[in-house]
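Only one structure is covered here, and it is reproduced in the block below.
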Amino acid sequence: MENFFDPQRIWHNGPYPHFLILLDRHPECVAFAEAHADILRGFAHLTPVPAEWLHITVQGVHHPASPEQVKQLADEARAELSAVAPFTLQLGPTWPGVSAITAALYPEEPMAALNRAVRTAAGRVEGIALRPPEHKFWPHTTLAYARTASSQAQDYLLNRALRQLRPARAAITVDTVHLVMQGQDPDNGYRWEPVAELPLRATA
């Protein structure tokens, strides 16, 4: 594996606005992550994500934003997300990647639709420039980041341990997105300050 926080990828002028689903509010997700904890802590190059910082990124803004722009982002996203229905999401299986251990999210389309809604909202805020959309939105949550490079032998042992573990998928209802000001902590992962709670369409 490679160092996730390679110096070339560090944000030098953050924090930046990000739209997240906060998973510490879902005990099922915390339990799913904790099921992997012993394995992940057994590899010195990995830093597991603490429960309070578990999240799903819906969309990031990767440049500084003024307080006025952040407020507009919240207002526009609140209006856009009020038309999006809540949905059920499953976490798992877990995949060892190039620089992080991630859990897949299914079904993918509701998350992709959530991403499109937030991008539409951000597009109405003057001065906010998003990175080009992915060819196919990749919904995931990160369970651990690689702090340093690892050997092929370590990667083999980690991959085998995760394959053998395979906890049951965790199911949650997604009904809220949070706008936060997110910064990088190269020693631990990502940290943020909440800005606004943005509920999806209310259900009867």
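Naming works like this for the structure tokens: A, B, ... for the chains as they're shown, residue 1 at the start of each chain, ligands 1 onward in shown order.
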
**Report entry** Residues of stretch 128-194 of chain A in alpha helix (DSSP H), written as a VMD selection string
**Finding:** chain A and resid 152 to 165

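Among A:Pro7, A:Gly42, A:Gly123, A:Pro86, the residue with the shortest atom-to-atom distance to A:Ile172, counting only C-alpha atoms, is A:Pro86.
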
If we count only C-alpha atoms and set the cut-off at 9 Å, which residues sit around A:Phe19, ignoring sequence neighbours fewer than 4 positions away in its own chain? Please answer as a CSV table (one decimal) with C-alpha atoms, in the first residue's frame.
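For reference, out.csv as written:
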```
chain,number,residue,atom,x,y,z
A,56,ILE,CA,-19.3,8.9,3.7
A,57,THR,CA,-18.3,11.8,1.5
A,58,VAL,CA,-21.2,12.9,-0.7
A,59,GLN,CA,-19.2,15.8,-2.3
A,60,GLY,CA,-16.2,17.9,-1.4
A,61,VAL,CA,-15.3,21.4,-2.3
A,118,VAL,CA,-25.5,18.3,-4.0
A,177,VAL,CA,-26.6,15.1,5.0
A,178,HIS,CA,-24.2,17.4,6.9
A,179,LEU,CA,-22.3,20.3,5.6
A,180,VAL,CA,-19.0,20.5,7.5
A,181,MET,CA,-15.7,22.4,7.3
```

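The space between atom CA of A:Leu157 and atom CA of A:Asn188 spans 22.8 Å.
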
Env of A:Ala122: 10 Å cut, atoms = only C-alpha atoms, seq-sep filter 5 positions within chain, self excluded. Answer as an mmCIF file with N, CA and C atoms, in the first residue's frame.
```
data_model
loop_
_atom_site.group_PDB
_atom_site.id
_atom_site.type_symbol
_atom_site.label_atom_id
_atom_site.label_comp_id
_atom_site.auth_asym_id
_atom_site.auth_seq_id
_atom_site.Cartn_x
_atom_site.Cartn_y
_atom_site.Cartn_z
ATOM 1 N N GLN A 59 -19.905 14.877 -1.376
ATOM 2 C CA GLN A 59 -19.237 15.776 -2.312
ATOM 3 C C GLN A 59 -18.335 16.717 -1.537
ATOM 4 N N GLY A 60 -17.146 16.933 -2.046
ATOM 5 C CA GLY A 60 -16.232 17.886 -1.446
ATOM 6 C C GLY A 60 -16.030 19.104 -2.314
ATOM 7 N N VAL A 61 -15.728 20.215 -1.659
ATOM 8 C CA VAL A 61 -15.283 21.428 -2.345
ATOM 9 C C VAL A 61 -13.813 21.575 -1.982
ATOM 10 N N GLN A 69 -20.214 32.166 1.162
ATOM 11 C CA GLN A 69 -20.359 31.034 0.237
ATOM 12 C C GLN A 69 -20.787 29.770 0.976
ATOM 13 N N VAL A 70 -20.243 29.552 2.161
ATOM 14 C CA VAL A 70 -20.626 28.370 2.937
ATOM 15 C C VAL A 70 -22.105 28.436 3.296
ATOM 16 N N GLN A 72 -24.417 30.002 1.616
ATOM 17 C CA GLN A 72 -25.171 29.763 0.378
ATOM 18 C C GLN A 72 -25.167 28.283 0.022
ATOM 19 N N LEU A 73 -24.031 27.621 0.237
ATOM 20 C CA LEU A 73 -23.983 26.179 -0.017
ATOM 21 C C LEU A 73 -25.020 25.448 0.823
ATOM 22 N N ALA A 74 -25.106 25.813 2.106
ATOM 23 C CA ALA A 74 -26.080 25.175 2.987
ATOM 24 C C ALA A 74 -27.503 25.457 2.522
ATOM 25 N N ASP A 75 -27.788 26.704 2.166
ATOM 26 C CA ASP A 75 -29.146 27.069 1.759
ATOM 27 C C ASP A 75 -29.547 26.363 0.472
ATOM 28 N N GLU A 76 -28.657 26.356 -0.505
ATOM 29 C CA GLU A 76 -28.973 25.720 -1.787
ATOM 30 C C GLU A 76 -29.109 24.205 -1.633
ATOM 31 N N ALA A 77 -28.236 23.598 -0.839
ATOM 32 C CA ALA A 77 -28.305 22.153 -0.651
ATOM 33 C C ALA A 77 -29.558 21.770 0.127
ATOM 34 N N GLU A 80 -32.333 21.710 -2.349
ATOM 35 C CA GLU A 80 -32.202 20.619 -3.320
ATOM 36 C C GLU A 80 -32.481 19.269 -2.663
ATOM 37 N N ARG A 116 -25.378 13.933 -7.206
ATOM 38 C CA ARG A 116 -25.822 14.847 -8.272
ATOM 39 C C ARG A 116 -26.621 16.012 -7.709
ATOM 40 N N ALA A 117 -27.450 15.738 -6.704
ATOM 41 C CA ALA A 117 -28.252 16.802 -6.099
ATOM 42 C C ALA A 117 -27.363 17.842 -5.437
ATOM 43 N N GLY A 127 -18.630 31.330 -7.437
ATOM 44 C CA GLY A 127 -17.277 31.172 -6.922
ATOM 45 C C GLY A 127 -16.941 29.781 -6.443
ATOM 46 N N ILE A 128 -17.913 28.898 -6.383
ATOM 47 C CA ILE A 128 -17.658 27.509 -5.983
ATOM 48 C C ILE A 128 -17.388 26.676 -7.233
ATOM 49 N N ALA A 129 -16.223 26.063 -7.278
ATOM 50 C CA ALA A 129 -15.831 25.255 -8.438
ATOM 51 C C ALA A 129 -15.572 23.823 -7.971
ATOM 52 N N LEU A 130 -16.313 22.892 -8.489
ATOM 53 C CA LEU A 130 -16.150 21.491 -8.133
ATOM 54 C C LEU A 130 -15.228 20.785 -9.126
#
```

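Between A:Arg163 and the candidates A:Asp6, A:Pro93, A:Val30, A:Ala35, the tightest atom-to-atom separation, counting only C-alpha atoms, involves A:Pro93.
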
Query raised in the report: So which residues touch A:Ala37 within 10 Å, counting only C-alpha atoms, skipping near sequence neighbours fewer than 6 positions away, as JSON, numbers by chain?
Result: {"A": [31, 47, 48, 49, 50, 143, 144]}

Requested in this report: Using only C-alpha atoms, find the one residue out of A:His63, A:Gln154, A:Tyr190, A:Phe5 that sits nearest to A:Pro17.
Outcome: A:His63

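Among the candidates A:Asp187, A:Glu108, A:Asp155, A:Glu126, the one nearest to A:Pro139 when counting only C-alpha atoms is A:Glu108.
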
Residues near stretch 97-102 of chain A, cut-off 6 Å, only C-alpha atoms, skip fewer than 5 positions along chain, as a PDB file with all heavy atoms, in the first residue's frame:
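So the final result, stored in part24.pdb, reads:
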```pdb
ATOM      1  N   MET A   1       0.840  -1.194   0.000  1.00  0.00           N
ATOM      2  CA  MET A   1       0.000   0.000   0.000  1.00  0.00           C
ATOM      3  C   MET A   1       0.876   1.244   0.000  1.00  0.00           C
ATOM      4  O   MET A   1       2.057   1.196   0.337  1.00  0.00           O
ATOM      5  CB  MET A   1      -0.925   0.004   1.224  1.00  0.00           C
ATOM      6  CG  MET A   1      -1.931  -1.128   1.263  1.00  0.00           C
ATOM      7  SD  MET A   1      -3.033  -1.046   2.693  1.00  0.00           S
ATOM      8  CE  MET A   1      -4.083   0.359   2.214  1.00  0.00           C
ATOM      9  N   GLU A   2       0.270   2.374  -0.362  1.00  0.00           N
ATOM     10  CA  GLU A   2       0.960   3.655  -0.404  1.00  0.00           C
ATOM     11  C   GLU A   2       0.423   4.571   0.686  1.00  0.00           C
ATOM     12  O   GLU A   2      -0.711   4.408   1.135  1.00  0.00           O
ATOM     13  CB  GLU A   2       0.758   4.322  -1.772  1.00  0.00           C
ATOM     14  CG  GLU A   2       1.230   3.484  -2.947  1.00  0.00           C
ATOM     15  CD  GLU A   2       0.816   4.081  -4.282  1.00  0.00           C
ATOM     16  OE1 GLU A   2       0.138   5.142  -4.259  1.00  0.00           O
ATOM     17  OE2 GLU A   2       1.148   3.501  -5.325  1.00  0.00           O
ATOM     18  N   ASN A   3       1.222   5.549   1.082  1.00  0.00           N
ATOM     19  CA  ASN A   3       0.804   6.534   2.064  1.00  0.00           C
ATOM     20  C   ASN A   3      -0.366   7.353   1.525  1.00  0.00           C
ATOM     21  O   ASN A   3      -0.233   8.017   0.499  1.00  0.00           O
ATOM     22  CB  ASN A   3       1.984   7.447   2.401  1.00  0.00           C
ATOM     23  CG  ASN A   3       1.629   8.527   3.407  1.00  0.00           C
ATOM     24  OD1 ASN A   3       0.552   8.529   4.002  1.00  0.00           O
ATOM     25  ND2 ASN A   3       2.542   9.452   3.602  1.00  0.00           N
ATOM     26  N   PHE A   4      -1.520   7.300   2.219  1.00  0.00           N
ATOM     27  CA  PHE A   4      -2.683   8.060   1.766  1.00  0.00           C
ATOM     28  C   PHE A   4      -2.403   9.554   1.780  1.00  0.00           C
ATOM     29  O   PHE A   4      -2.816  10.290   0.886  1.00  0.00           O
ATOM     30  CB  PHE A   4      -3.886   7.753   2.658  1.00  0.00           C
ATOM     31  CG  PHE A   4      -5.166   8.425   2.218  1.00  0.00           C
ATOM     32  CD1 PHE A   4      -6.039   7.774   1.360  1.00  0.00           C
ATOM     33  CD2 PHE A   4      -5.500   9.698   2.649  1.00  0.00           C
ATOM     34  CE1 PHE A   4      -7.209   8.384   0.934  1.00  0.00           C
ATOM     35  CE2 PHE A   4      -6.668  10.320   2.239  1.00  0.00           C
ATOM     36  CZ  PHE A   4      -7.521   9.661   1.381  1.00  0.00           C
ATOM     37  N   THR A 141     -16.984   4.132   2.317  1.00  0.00           N
ATOM     38  CA  THR A 141     -16.529   4.724   3.564  1.00  0.00           C
ATOM     39  C   THR A 141     -15.193   4.111   3.900  1.00  0.00           C
ATOM     40  O   THR A 141     -14.913   2.950   3.569  1.00  0.00           O
ATOM     41  CB  THR A 141     -17.544   4.510   4.706  1.00  0.00           C
ATOM     42  OG1 THR A 141     -17.131   5.260   5.848  1.00  0.00           O
ATOM     43  CG2 THR A 141     -17.659   3.048   5.092  1.00  0.00           C
ATOM     44  N   THR A 142     -14.338   4.891   4.523  1.00  0.00           N
ATOM     45  CA  THR A 142     -12.980   4.450   4.824  1.00  0.00           C
ATOM     46  C   THR A 142     -12.886   3.980   6.268  1.00  0.00           C
ATOM     47  O   THR A 142     -13.309   4.686   7.189  1.00  0.00           O
ATOM     48  CB  THR A 142     -11.976   5.590   4.571  1.00  0.00           C
ATOM     49  OG1 THR A 142     -12.047   5.968   3.188  1.00  0.00           O
ATOM     50  CG2 THR A 142     -10.557   5.151   4.898  1.00  0.00           C
ATOM     51  N   LEU A 143     -12.328   2.792   6.462  1.00  0.00           N
ATOM     52  CA  LEU A 143     -12.149   2.224   7.796  1.00  0.00           C
ATOM     53  C   LEU A 143     -10.746   2.469   8.332  1.00  0.00           C
ATOM     54  O   LEU A 143     -10.538   2.461   9.548  1.00  0.00           O
ATOM     55  CB  LEU A 143     -12.425   0.725   7.780  1.00  0.00           C
ATOM     56  CG  LEU A 143     -13.817   0.292   7.290  1.00  0.00           C
ATOM     57  CD1 LEU A 143     -13.964  -1.218   7.417  1.00  0.00           C
ATOM     58  CD2 LEU A 143     -14.915   1.005   8.047  1.00  0.00           C
ATOM     59  N   ALA A 144      -9.767   2.657   7.440  1.00  0.00           N
ATOM     60  CA  ALA A 144      -8.389   2.918   7.870  1.00  0.00           C
ATOM     61  C   ALA A 144      -7.624   3.554   6.715  1.00  0.00           C
ATOM     62  O   ALA A 144      -7.883   3.262   5.545  1.00  0.00           O
ATOM     63  CB  ALA A 144      -7.696   1.638   8.315  1.00  0.00           C
ATOM     64  N   TYR A 145      -6.671   4.417   7.078  1.00  0.00           N
ATOM     65  CA  TYR A 145      -5.779   5.046   6.104  1.00  0.00           C
ATOM     66  C   TYR A 145      -4.368   4.484   6.278  1.00  0.00           C
ATOM     67  O   TYR A 145      -3.943   4.193   7.405  1.00  0.00           O
ATOM     68  CB  TYR A 145      -5.736   6.562   6.295  1.00  0.00           C
ATOM     69  CG  TYR A 145      -7.053   7.248   6.068  1.00  0.00           C
ATOM     70  CD1 TYR A 145      -7.840   7.644   7.146  1.00  0.00           C
ATOM     71  CD2 TYR A 145      -7.516   7.499   4.786  1.00  0.00           C
ATOM     72  CE1 TYR A 145      -9.063   8.273   6.943  1.00  0.00           C
ATOM     73  CE2 TYR A 145      -8.733   8.128   4.575  1.00  0.00           C
ATOM     74  CZ  TYR A 145      -9.502   8.507   5.652  1.00  0.00           C
ATOM     75  OH  TYR A 145     -10.712   9.122   5.450  1.00  0.00           O
ATOM     76  N   ALA A 146      -3.664   4.353   5.174  1.00  0.00           N
ATOM     77  CA  ALA A 146      -2.264   3.946   5.238  1.00  0.00           C
ATOM     78  C   ALA A 146      -1.406   5.181   5.505  1.00  0.00           C
ATOM     79  O   ALA A 146      -1.461   6.147   4.755  1.00  0.00           O
ATOM     80  CB  ALA A 146      -1.846   3.271   3.945  1.00  0.00           C
TER      81      ALA A 146
END
```

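With distances restricted to only C-alpha atoms, A:Trp53 is the closest residue to A:Asp24 from A:Trp53, A:Pro96, A:His36, A:Gln90.
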